[in-house]
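Visitor: Okay, so here is query.tsv, and as you'll see once you scroll down, it has TSV, C-alpha atoms.
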chain	number	residue	atom	x	y	z
A	1	MET	CA	67.07	79.95	-24.49
A	2	LEU	CA	69.35	77.83	-26.63
A	3	SER	CA	71.38	80.59	-28.27
A	4	ARG	CA	73.27	83.53	-26.85
A	5	PHE	CA	70.78	86.38	-26.74
A	6	ALA	CA	70.71	89.98	-25.55
A	7	VAL	CA	68.59	93.11	-25.68
A	8	ALA	CA	70.40	95.73	-27.75
A	9	SER	CA	70.01	99.48	-27.88
A	10	LEU	CA	70.28	101.33	-31.17
A	11	GLU	CA	70.58	104.64	-29.33
A	12	ALA	CA	73.44	106.22	-27.40
A	13	GLY	CA	72.43	104.81	-24.03
A	14	PHE	CA	70.01	102.51	-22.26
A	15	ASP	CA	66.70	104.06	-21.30
A	16	LEU	CA	64.42	102.67	-18.62
A	17	SER	CA	62.19	100.70	-20.99
A	18	ILE	CA	65.18	98.83	-22.45
A	19	LYS	CA	66.51	98.00	-19.01
A	20	GLN	CA	63.09	96.81	-17.87
A	21	LEU	CA	62.73	94.54	-20.90
A	22	ALA	CA	66.17	93.01	-20.35
A	23	ASP	CA	65.25	92.37	-16.72
A	24	GLU	CA	61.91	90.78	-17.70
A	25	LEU	CA	63.62	88.50	-20.20
A	26	ASN	CA	66.54	87.85	-17.83
A	27	VAL	CA	69.10	88.58	-20.56
A	28	PRO	CA	72.02	91.03	-20.81
A	29	LEU	CA	72.00	94.53	-22.29
A	30	TYR	CA	74.20	95.18	-25.31
A	31	ARG	CA	75.18	98.46	-26.94
A	32	LEU	CA	75.13	97.92	-30.70
A	33	ASP	CA	77.78	100.17	-32.24
A	34	LYS	CA	78.75	98.14	-35.33
A	35	PRO	CA	77.01	96.32	-38.20
A	36	LEU	CA	75.27	93.08	-37.25
A	37	LYS	CA	77.63	91.04	-39.42
A	38	TYR	CA	80.51	92.00	-37.12
A	39	VAL	CA	78.75	91.10	-33.87
A	40	ASP	CA	80.15	87.89	-32.40
A	41	GLU	CA	79.29	88.34	-28.72
A	42	TYR	CA	75.69	87.16	-29.24
A	43	ASP	CA	73.87	84.98	-31.76
A	44	TYR	CA	70.67	87.05	-31.62
A	45	LEU	CA	69.78	90.57	-30.55
A	46	LEU	CA	66.41	92.02	-29.69
A	47	LEU	CA	66.90	95.49	-31.16
A	48	MET	CA	65.16	98.49	-29.61
A	49	GLY	CA	65.21	101.90	-31.24
A	50	GLU	CA	63.04	104.71	-32.55
A	51	ASN	CA	61.57	102.42	-35.23
A	52	GLY	CA	60.42	99.82	-32.73
A	53	VAL	CA	61.47	96.33	-31.63
A	54	SER	CA	62.95	93.73	-33.97
A	55	LEU	CA	64.79	90.42	-33.72
A	56	ALA	CA	68.12	90.15	-35.51
A	57	LYS	CA	70.50	87.31	-36.27
A	58	THR	CA	74.13	88.36	-36.02
A	59	GLY	CA	77.26	87.35	-37.85
A	60	LYS	CA	78.35	87.10	-41.47
A	61	GLY	CA	75.47	86.79	-43.91
A	62	ALA	CA	72.93	87.80	-41.27
A	63	PRO	CA	69.46	88.26	-42.83
A	64	LYS	CA	67.25	91.29	-42.35
A	65	PRO	CA	65.82	91.55	-38.81
A	66	VAL	CA	62.26	90.37	-38.19
A	67	GLN	CA	59.68	92.88	-36.95
A	68	VAL	CA	55.93	92.76	-36.35
A	69	GLU	CA	54.47	95.04	-39.01
A	70	PHE	CA	50.74	95.34	-39.62
A	71	THR	CA	50.70	98.48	-41.78
A	72	SER	CA	52.76	97.32	-44.75
A	73	GLY	CA	54.27	94.29	-46.41
A	74	ALA	CA	52.72	90.83	-46.60
A	75	THR	CA	50.38	91.31	-43.65
A	76	ASP	CA	48.81	94.47	-45.05
A	77	HIS	CA	48.63	92.92	-48.54
A	78	ARG	CA	46.72	89.99	-47.09
A	79	ARG	CA	44.31	92.40	-45.39
A	80	ARG	CA	43.54	94.13	-48.68
A	81	PHE	CA	43.68	91.23	-51.13
A	82	GLY	CA	43.56	88.03	-49.07
A	83	GLY	CA	40.00	87.04	-49.89
A	84	GLY	CA	38.09	88.35	-46.88
A	85	LYS	CA	35.64	85.91	-45.33
A	86	GLY	CA	36.30	83.48	-48.16
A	87	GLN	CA	39.67	82.58	-46.59
A	88	ASP	CA	39.97	79.16	-44.99
A	89	ILE	CA	40.83	80.68	-41.61
A	90	ALA	CA	37.60	82.69	-41.66
A	91	LYS	CA	35.55	79.61	-42.54
A	92	ALA	CA	37.33	77.54	-39.88
A	93	VAL	CA	36.60	80.09	-37.17
A	94	GLY	CA	32.97	80.29	-38.34
A	95	LEU	CA	32.64	83.75	-39.85
A	96	ASN	CA	30.41	82.26	-42.54
A	97	LYS	CA	27.93	81.51	-39.76
A	98	ARG	CA	28.23	84.43	-37.33
A	99	ASN	CA	29.89	87.86	-37.25
A	100	GLY	CA	31.71	89.63	-34.44
A	101	LEU	CA	33.07	86.54	-32.72
A	102	HIS	CA	35.33	86.85	-29.67
A	103	VAL	CA	38.38	84.72	-30.47
A	104	LEU	CA	41.21	83.77	-28.14
A	105	ASP	CA	44.41	83.28	-30.11
A	106	ALA	CA	46.28	81.25	-27.52
A	107	THR	CA	49.51	81.01	-29.54
A	108	ALA	CA	49.61	84.50	-31.04
A	109	GLY	CA	53.25	84.56	-32.18
A	110	LEU	CA	53.76	87.56	-34.46
A	111	GLY	CA	50.01	88.18	-34.60
A	112	ARG	CA	49.41	87.67	-38.30
A	113	ASP	CA	46.44	85.32	-38.11
A	114	ALA	CA	44.96	87.36	-35.26
A	115	PHE	CA	45.24	90.47	-37.43
A	116	VAL	CA	43.41	88.75	-40.28
A	117	LEU	CA	40.55	87.80	-37.96
A	118	ALA	CA	40.45	91.30	-36.43
A	119	SER	CA	40.31	92.80	-39.93
A	120	LEU	CA	37.22	90.64	-40.54
A	121	GLY	CA	35.46	92.06	-37.48
A	122	CYS	CA	36.42	89.62	-34.72
A	123	GLN	CA	37.36	90.73	-31.22
A	124	LEU	CA	40.72	89.16	-30.39
A	125	SER	CA	42.32	88.25	-27.09
A	126	LEU	CA	45.94	87.17	-27.55
A	127	CYS	CA	48.27	85.03	-25.45
A	128	GLU	CA	52.01	84.81	-26.11
A	129	ARG	CA	54.15	83.26	-23.41
A	130	VAL	CA	57.58	83.70	-25.04
A	131	GLY	CA	58.88	86.99	-23.66
A	132	PHE	CA	60.77	88.37	-26.65
A	133	VAL	CA	57.98	87.43	-29.07
A	134	ARG	CA	55.45	89.10	-26.79
A	135	ALA	CA	57.60	92.25	-26.74
A	136	MET	CA	57.71	92.29	-30.55
A	137	LEU	CA	53.95	91.76	-30.79
A	138	GLU	CA	53.16	94.47	-28.26
A	139	ASP	CA	55.42	96.89	-30.13
A	140	GLY	CA	53.77	96.08	-33.46
A	141	ILE	CA	50.28	96.65	-32.06
A	142	THR	CA	51.32	99.90	-30.40
A	143	ARG	CA	52.83	101.33	-33.59
A	144	ALA	CA	49.85	100.26	-35.70
A	145	LEU	CA	47.32	101.97	-33.41
A	146	ASP	CA	48.35	105.32	-34.89
A	147	HIS	CA	47.84	104.19	-38.48
A	148	GLN	CA	44.81	105.70	-40.22
A	149	GLU	CA	43.56	102.48	-41.85
A	150	VAL	CA	44.91	99.80	-39.55
A	151	GLY	CA	44.45	101.46	-36.14
A	152	GLU	CA	40.79	100.50	-35.90
A	153	ILE	CA	41.68	96.87	-36.60
A	154	VAL	CA	44.47	96.46	-34.05
A	155	ALA	CA	42.29	98.20	-31.46
A	156	ARG	CA	40.30	94.94	-31.52
A	157	MET	CA	43.45	92.98	-30.54
A	158	ALA	CA	44.01	92.80	-26.76
A	159	LEU	CA	47.31	91.26	-25.65
A	160	LEU	CA	46.72	89.44	-22.36
A	161	ASP	CA	49.27	89.27	-19.55
A	162	ARG	CA	48.88	85.50	-19.08
A	163	ASP	CA	48.89	82.25	-21.06
A	164	ILE	CA	45.87	80.06	-21.71
A	165	HIS	CA	46.57	77.80	-18.73
A	166	SER	CA	46.21	80.79	-16.37
A	167	ILE	CA	42.79	81.82	-17.66
A	168	THR	CA	39.90	80.97	-15.35
A	169	GLY	CA	36.30	82.06	-15.08
A	170	GLN	CA	36.09	83.22	-18.70
A	171	THR	CA	34.97	81.68	-21.97
A	172	PHE	CA	35.48	82.67	-25.60
A	173	ASP	CA	33.36	82.02	-28.68
A	174	VAL	CA	36.28	80.40	-30.48
A	175	ILE	CA	39.80	79.45	-29.46
A	176	TYR	CA	42.50	79.40	-32.13
A	177	LEU	CA	45.67	77.33	-31.75
A	178	ASP	CA	48.74	77.36	-33.98
A	179	PRO	CA	51.53	75.70	-31.97
A	180	MET	CA	55.04	75.80	-33.34
A	181	TYR	CA	55.76	73.06	-35.83
A	182	PRO	CA	58.78	72.54	-38.14
A	183	HIS	CA	58.42	74.32	-41.48
A	184	THR	CA	57.97	72.37	-44.69
A	185	ASP	CA	59.77	72.76	-47.99
A	186	LYS	CA	56.72	74.70	-49.24
A	187	SER	CA	57.14	77.39	-46.60
A	188	SER	CA	58.15	80.81	-47.86
A	189	ALA	CA	61.72	81.98	-47.38
A	190	ALA	CA	60.54	84.57	-44.84
A	191	ALA	CA	58.60	81.96	-42.87
A	192	LYS	CA	61.60	79.62	-42.85
A	193	LYS	CA	63.82	82.42	-41.55
A	194	GLU	CA	61.43	83.29	-38.74
A	195	MET	CA	60.92	79.66	-37.76
A	196	ALA	CA	64.68	79.13	-37.69
A	197	PHE	CA	65.05	82.14	-35.39
A	198	PHE	CA	62.36	80.89	-33.03
A	199	ARG	CA	63.56	77.28	-32.96
A	200	ASP	CA	67.06	78.45	-32.03
A	201	LEU	CA	65.82	80.73	-29.25
A	202	VAL	CA	62.82	78.83	-27.89
A	203	GLY	CA	63.46	75.21	-28.75
A	204	LYS	CA	60.74	72.64	-29.39
A	205	ASP	CA	57.16	73.22	-28.28
A	206	GLU	CA	57.18	70.23	-25.93
A	207	ASP	CA	53.75	70.83	-24.34
A	208	ALA	CA	51.68	71.72	-27.41
A	209	ASP	CA	49.31	68.79	-26.86
A	210	ALA	CA	48.26	70.23	-23.50
A	211	LEU	CA	46.80	73.28	-25.26
A	212	LEU	CA	43.83	71.45	-26.74
A	213	PRO	CA	42.17	70.09	-23.56
A	214	LYS	CA	42.41	73.53	-21.94
A	215	ALA	CA	41.06	75.21	-25.08
A	216	LEU	CA	38.08	72.85	-25.12
A	217	GLU	CA	37.32	73.92	-21.54
A	218	LEU	CA	37.31	77.63	-22.41
A	219	ALA	CA	35.62	77.58	-25.83
A	220	GLU	CA	31.89	78.15	-26.18
A	221	TYR	CA	31.44	77.05	-29.80
A	222	ARG	CA	34.63	75.63	-31.30
A	223	VAL	CA	38.40	75.21	-31.17
A	224	VAL	CA	40.39	75.65	-34.39
A	225	VAL	CA	43.86	74.11	-34.71
A	226	LYS	CA	46.14	75.17	-37.56
A	227	ARG	CA	48.45	72.35	-38.69
A	228	PRO	CA	50.85	71.73	-41.56
A	229	LYS	CA	49.90	69.03	-44.05
A	230	GLY	CA	50.81	65.61	-42.72
A	231	ALA	CA	51.15	66.75	-39.10
A	232	PRO	CA	49.48	64.54	-36.51
A	233	PHE	CA	46.31	65.66	-34.75
A	234	LEU	CA	47.03	67.83	-31.73
A	235	ASN	CA	46.83	65.69	-28.57
A	236	GLY	CA	45.82	62.79	-30.82
A	237	MET	CA	42.23	64.10	-30.91
A	238	VAL	CA	40.31	63.64	-34.18
A	239	PRO	CA	38.55	66.91	-35.12
A	240	THR	CA	34.90	67.26	-36.09
A	241	TYR	CA	36.03	68.21	-39.59
A	242	GLN	CA	39.01	69.64	-41.50
A	243	LEU	CA	39.59	72.38	-44.03
A	244	GLU	CA	42.49	71.50	-46.31
A	245	GLY	CA	44.60	74.23	-47.92
A	246	LYS	CA	47.61	74.24	-50.22
A	247	ALA	CA	50.23	74.29	-47.47
A	248	GLY	CA	48.30	73.22	-44.40
A	249	ARG	CA	44.94	72.55	-42.83
A	250	PHE	CA	42.59	73.66	-40.10
A	251	ASP	CA	41.28	71.01	-37.68
A	252	VAL	CA	37.93	72.19	-36.33
A	253	HIS	CA	36.58	70.82	-33.02
A	254	VAL	CA	32.92	71.81	-32.82
A	255	LEU	CA	31.28	72.07	-29.39
A	256	LYS	CA	28.08	73.92	-30.30
A	257	SER	CA	26.51	75.29	-33.46
A	258	LEU	CA	27.30	78.88	-34.40
A	259	GLU	CA	24.14	79.16	-36.46
A	260	ALA	CA	22.09	82.16	-35.30
A	261	SER	CA	19.11	81.12	-33.21
What would the structure in this file look like if it were written as structure tokens?

Guide:
Amino acid sequence: MLSRFAVASLEAGFDLSIKQLADELNVPLYRLDKPLKYVDEYDYLLLMGENGVSLAKTGKGAPKPVQVEFTSGATDHRRRFGGGKGQDIAKAVGLNKRNGLHVLDATAGLGRDAFVLASLGCQLSLCERVGFVRAMLEDGITRALDHQEVGEIVARMALLDRDIHSITGQTFDVIYLDPMYPHTDKSSAAAKKEMAFFRDLVGKDEDADALLPKALELAEYRVVVKRPKGAPFLNGMVPTYQLEGKAGRFDVHVLKSLEAS
């Protein structure tokens, strides 16, 4: 990691789960007993408390911590008012041709696109290799399982214990890739904040191109790559077709027709 980072407890002590997470991430434990703006020992803290796991920037002017939240805010608004199967992501995956697809989201991140697909009836398998992001995603799914409306959706999201390169002997209807890419000026303020956090902590996604050949091996029908406008094709491979949106595009690599036989 490029910035000083620690797992922080919001409670009086360190319970076993916090210690285990710090060990898994190979980072120190920190007892947070002052406002984030006064913390100068670490640049970022992975906060653990009764309200879940969140990532916080420290220091003067520190923004609100980032947390995976499926039951409220922008993610829930998109579920209710985002356009259903008329959304570009739904068309790219092929939900206009077949329902109930099993999709591998190989770069799950904070799980937002996976949640959209799960809300539209897809079965999702998720890979996230960055430890602190995976911890945030797992926490968000766990909390949402108890929600009356959203629980049934996140129950269709299975977080795998491996990355795409470790998957063998299994195929998926569709594989979805959204590798990290610098934000554009059209990105929302929240998206810019999150991307800044992740770039500081993770660095550049140096091996993103290697995702596509592996995805093409594991996909039964198609591989969908989400890209910002103007970004080069992943691995230099021209897709079968593209769906252009306002802020980005979906490159669709078709292997076999999804049309019902």

Visitor: Leaving out Val133 of chain A and any residue of its chain fewer than 2 positions from it, which residues lie within 10 Å of it when counting all atoms listed in the file, given as a ChimeraX atom specification?

Guide: /A:46,53-55,67-68,108-111,128-131,135-139,198,202

Visitor: With C-alpha atoms retained, write the just-selected residues as a short mmCIF file (atom, residue, chain, number, x, y, z; two decimals), keeping the file's coordinate frame.

Guide:
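So the final result, stored in part.cif, reads:
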data_model
loop_
_atom_site.label_atom_id
_atom_site.label_comp_id
_atom_site.auth_asym_id
_atom_site.auth_seq_id
_atom_site.Cartn_x
_atom_site.Cartn_y
_atom_site.Cartn_z
CA LEU A 46 66.41 92.02 -29.69
CA VAL A 53 61.47 96.33 -31.63
CA SER A 54 62.95 93.73 -33.97
CA LEU A 55 64.79 90.42 -33.72
CA GLN A 67 59.68 92.88 -36.95
CA VAL A 68 55.93 92.76 -36.35
CA ALA A 108 49.61 84.50 -31.04
CA GLY A 109 53.25 84.56 -32.18
CA LEU A 110 53.76 87.56 -34.46
CA GLY A 111 50.01 88.18 -34.60
CA GLU A 128 52.01 84.81 -26.11
CA ARG A 129 54.15 83.26 -23.41
CA VAL A 130 57.58 83.70 -25.04
CA GLY A 131 58.88 86.99 -23.66
CA ALA A 135 57.60 92.25 -26.74
CA MET A 136 57.71 92.29 -30.55
CA LEU A 137 53.95 91.76 -30.79
CA GLU A 138 53.16 94.47 -28.26
CA ASP A 139 55.42 96.89 -30.13
CA PHE A 198 62.36 80.89 -33.03
CA VAL A 202 62.82 78.83 -27.89
#

Visitor: Kindly extract all protein, DNA and RNA residues lying within 10 Å of the coordinates (43.3, 78.9, -30.0) given in the file, considering all atoms listed in the file, and supply them as a PyMOL selection string.

Guide: chain A and resi 93+103-108+125-127+164+172+174-179+211-212+214-216+218-219+222-226

Visitor: Could you state the separation of atom CA of Phe132 of chain A and atom CA of Asp40 of chain A in Å, given to one decimal place?

Guide: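 Spanning atom CA of Phe132 of chain A to atom CA of Asp40 of chain A is a straight-line distance of 20.2 Å.
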
Visitor: Which distance in Å separates atom CA of Asp43 of chain A and atom CA of Lys57 of chain A, to one decimal?

Guide: 6.1 Å

Visitor: Hey, which of A:Gly169, A:Gly94, A:Gly49, A:Gly151 ends up closest to Phe250 of chain A? Count all atoms listed in the file.

Guide: A:Gly94

Visitor: Give the padded box for segment 225-229 of chain A as lines of an AutoDock Vina configuration file: axis-aligned, covering all atoms listed in the file, 6 Å on each side, centre and edge lengths in Å to one decimal.

Guide:
center_x = 47.4
center_y = 72.1
center_z = -39.4
size_x = 19.0
size_y = 18.1
size_z = 21.3

Visitor: With a distance cut-off of 12 Å and all atoms listed in the file, select the neighbouring residues of Asp15 of chain A, excluding the residue or stretch itself and same-chain residues fewer than 6 positions from it, and output the selection as an MDAnalysis selection string.

Guide: chainID A and resid 7:9 21:22 29 31 48:50

Visitor: So how far away is atom CA of Ala62 of chain A from atom CA of Asp200 of chain A, in Å?

Guide: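 Atom-to-atom, atom CA of Asp200 of chain A and atom CA of Ala62 of chain A are spaced 14.4 Å apart.
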
Visitor: For Ala231 of chain A, which residue among A:Ala56, A:Met180, A:Leu101, A:Ala90 is the nearest when counting all atoms listed in the file?

Guide: A:Met180

Visitor: With distances taken over all atoms listed in the file, which of A:Arg199, A:Thr75, A:Arg143, A:His102 is nearest to Thr171 of chain A?

Guide: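 Using all atoms listed in the file, the shortest distance to Thr171 of chain A belongs to A:His102.
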
Visitor: From the options A:Glu24, A:Asp88, A:Glu217, A:Asp251, which residue's atoms come nearest to Arg134 of chain A, counting all atoms listed in the file?

Guide: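 Going through A:Glu24, A:Asp88, A:Glu217, A:Asp251 one by one, the smallest distance to Arg134 of chain A is for A:Glu24.
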
Visitor: Calculated over all atoms listed in the file, which of the candidates A:Arg78, A:Arg156, A:Arg4, A:His147 has the smallest distance to Gln123 of chain A?

Guide: A:Arg156

Visitor: Which one is closest to Val116 of chain A: A:Asp23, A:Thr142, A:Met157, A:Asn99? Count only C-alpha atoms.

Guide: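 Smallest distance to Val116 of chain A is found for A:Met157.
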
Visitor: Dump as a list in words all residues having an atom at most 12 Å from (21.4, 80.1, -37.0), computed in the file's coordinates with only C-alpha atoms.

Guide: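 Final list of nearby residues, as requested, is Gly94, Asn96, Lys97, Arg98, Asn99, Lys256, Ser257, Leu258, Glu259, Ala260 and Ser261 of chain A.
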
Visitor: Some atoms are missing, so please complete segment 26-45 of chain A with N, CA, C and O atoms and return it as a PDB file, keeping the file's coordinate frame.

Guide:
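part08.pdb, freshly written:
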ATOM      1  N   ASN A  26      65.381  88.410 -18.539  1.00  0.00           N
ATOM      2  CA  ASN A  26      66.540  87.850 -17.830  1.00  0.00           C
ATOM      3  C   ASN A  26      67.713  87.611 -18.789  1.00  0.00           C
ATOM      4  O   ASN A  26      68.344  86.558 -18.787  1.00  0.00           O
ATOM      5  N   VAL A  27      67.984  88.636 -19.615  1.00  0.00           N
ATOM      6  CA  VAL A  27      69.100  88.580 -20.560  1.00  0.00           C
ATOM      7  C   VAL A  27      69.931  89.855 -20.430  1.00  0.00           C
ATOM      8  O   VAL A  27      69.450  90.865 -19.903  1.00  0.00           O
ATOM      9  N   PRO A  28      71.160  89.845 -20.928  1.00  0.00           N
ATOM     10  CA  PRO A  28      72.020  91.030 -20.810  1.00  0.00           C
ATOM     11  C   PRO A  28      71.589  92.178 -21.723  1.00  0.00           C
ATOM     12  O   PRO A  28      70.828  91.997 -22.668  1.00  0.00           O
ATOM     13  N   LEU A  29      72.103  93.365 -21.422  1.00  0.00           N
ATOM     14  CA  LEU A  29      72.000  94.530 -22.290  1.00  0.00           C
ATOM     15  C   LEU A  29      73.239  94.614 -23.163  1.00  0.00           C
ATOM     16  O   LEU A  29      74.340  94.286 -22.724  1.00  0.00           O
ATOM     17  N   TYR A  30      73.076  95.069 -24.394  1.00  0.00           N
ATOM     18  CA  TYR A  30      74.200  95.180 -25.310  1.00  0.00           C
ATOM     19  C   TYR A  30      74.090  96.474 -26.090  1.00  0.00           C
ATOM     20  O   TYR A  30      73.013  96.804 -26.612  1.00  0.00           O
ATOM     21  N   ARG A  31      75.155  97.220 -26.167  1.00  0.00           N
ATOM     22  CA  ARG A  31      75.180  98.460 -26.940  1.00  0.00           C
ATOM     23  C   ARG A  31      75.665  98.145 -28.344  1.00  0.00           C
ATOM     24  O   ARG A  31      76.836  97.781 -28.560  1.00  0.00           O
ATOM     25  N   LEU A  32      74.785  98.240 -29.328  1.00  0.00           N
ATOM     26  CA  LEU A  32      75.130  97.920 -30.700  1.00  0.00           C
ATOM     27  C   LEU A  32      75.766  99.128 -31.360  1.00  0.00           C
ATOM     28  O   LEU A  32      75.102 100.121 -31.652  1.00  0.00           O
ATOM     29  N   ASP A  33      77.063  99.054 -31.634  1.00  0.00           N
ATOM     30  CA  ASP A  33      77.780 100.170 -32.240  1.00  0.00           C
ATOM     31  C   ASP A  33      78.555  99.737 -33.484  1.00  0.00           C
ATOM     32  O   ASP A  33      79.514 100.395 -33.896  1.00  0.00           O
ATOM     33  N   LYS A  34      78.113  98.626 -34.105  1.00  0.00           N
ATOM     34  CA  LYS A  34      78.750  98.140 -35.330  1.00  0.00           C
ATOM     35  C   LYS A  34      77.725  97.337 -36.117  1.00  0.00           C
ATOM     36  O   LYS A  34      76.676  96.942 -35.591  1.00  0.00           O
ATOM     37  N   PRO A  35      77.966  97.105 -37.399  1.00  0.00           N
ATOM     38  CA  PRO A  35      77.010  96.320 -38.200  1.00  0.00           C
ATOM     39  C   PRO A  35      76.801  94.923 -37.613  1.00  0.00           C
ATOM     40  O   PRO A  35      77.723  94.348 -37.011  1.00  0.00           O
ATOM     41  N   LEU A  36      75.609  94.391 -37.819  1.00  0.00           N
ATOM     42  CA  LEU A  36      75.270  93.080 -37.250  1.00  0.00           C
ATOM     43  C   LEU A  36      76.243  91.982 -37.700  1.00  0.00           C
ATOM     44  O   LEU A  36      76.525  91.049 -36.946  1.00  0.00           O
ATOM     45  N   LYS A  37      76.754  92.099 -38.919  1.00  0.00           N
ATOM     46  CA  LYS A  37      77.630  91.040 -39.420  1.00  0.00           C
ATOM     47  C   LYS A  37      78.951  90.959 -38.650  1.00  0.00           C
ATOM     48  O   LYS A  37      79.649  89.938 -38.725  1.00  0.00           O
ATOM     49  N   TYR A  38      79.279  92.011 -37.897  1.00  0.00           N
ATOM     50  CA  TYR A  38      80.510  92.000 -37.120  1.00  0.00           C
ATOM     51  C   TYR A  38      80.286  91.660 -35.647  1.00  0.00           C
ATOM     52  O   TYR A  38      81.246  91.596 -34.869  1.00  0.00           O
ATOM     53  N   VAL A  39      79.041  91.437 -35.264  1.00  0.00           N
ATOM     54  CA  VAL A  39      78.750  91.100 -33.870  1.00  0.00           C
ATOM     55  C   VAL A  39      79.004  89.613 -33.651  1.00  0.00           C
ATOM     56  O   VAL A  39      78.429  88.761 -34.342  1.00  0.00           O
ATOM     57  N   ASP A  40      79.888  89.291 -32.715  1.00  0.00           N
ATOM     58  CA  ASP A  40      80.150  87.890 -32.400  1.00  0.00           C
ATOM     59  C   ASP A  40      79.937  87.564 -30.922  1.00  0.00           C
ATOM     60  O   ASP A  40      80.117  86.428 -30.496  1.00  0.00           O
ATOM     61  N   GLU A  41      79.529  88.574 -30.138  1.00  0.00           N
ATOM     62  CA  GLU A  41      79.290  88.340 -28.720  1.00  0.00           C
ATOM     63  C   GLU A  41      77.978  87.588 -28.471  1.00  0.00           C
ATOM     64  O   GLU A  41      77.851  86.859 -27.486  1.00  0.00           O
ATOM     65  N   TYR A  42      77.010  87.774 -29.387  1.00  0.00           N
ATOM     66  CA  TYR A  42      75.690  87.160 -29.240  1.00  0.00           C
ATOM     67  C   TYR A  42      75.211  86.629 -30.583  1.00  0.00           C
ATOM     68  O   TYR A  42      75.524  87.187 -31.630  1.00  0.00           O
ATOM     69  N   ASP A  43      74.428  85.556 -30.539  1.00  0.00           N
ATOM     70  CA  ASP A  43      73.870  84.980 -31.760  1.00  0.00           C
ATOM     71  C   ASP A  43      72.658  85.756 -32.254  1.00  0.00           C
ATOM     72  O   ASP A  43      72.416  85.844 -33.454  1.00  0.00           O
ATOM     73  N   TYR A  44      71.873  86.286 -31.300  1.00  0.00           N
ATOM     74  CA  TYR A  44      70.670  87.050 -31.620  1.00  0.00           C
ATOM     75  C   TYR A  44      70.594  88.282 -30.744  1.00  0.00           C
ATOM     76  O   TYR A  44      71.030  88.261 -29.579  1.00  0.00           O
ATOM     77  N   LEU A  45      70.009  89.338 -31.310  1.00  0.00           N
ATOM     78  CA  LEU A  45      69.780  90.570 -30.550  1.00  0.00           C
ATOM     79  C   LEU A  45      68.336  90.999 -30.727  1.00  0.00           C
ATOM     80  O   LEU A  45      67.801  90.974 -31.833  1.00  0.00           O
TER      81      LEU A  45
END
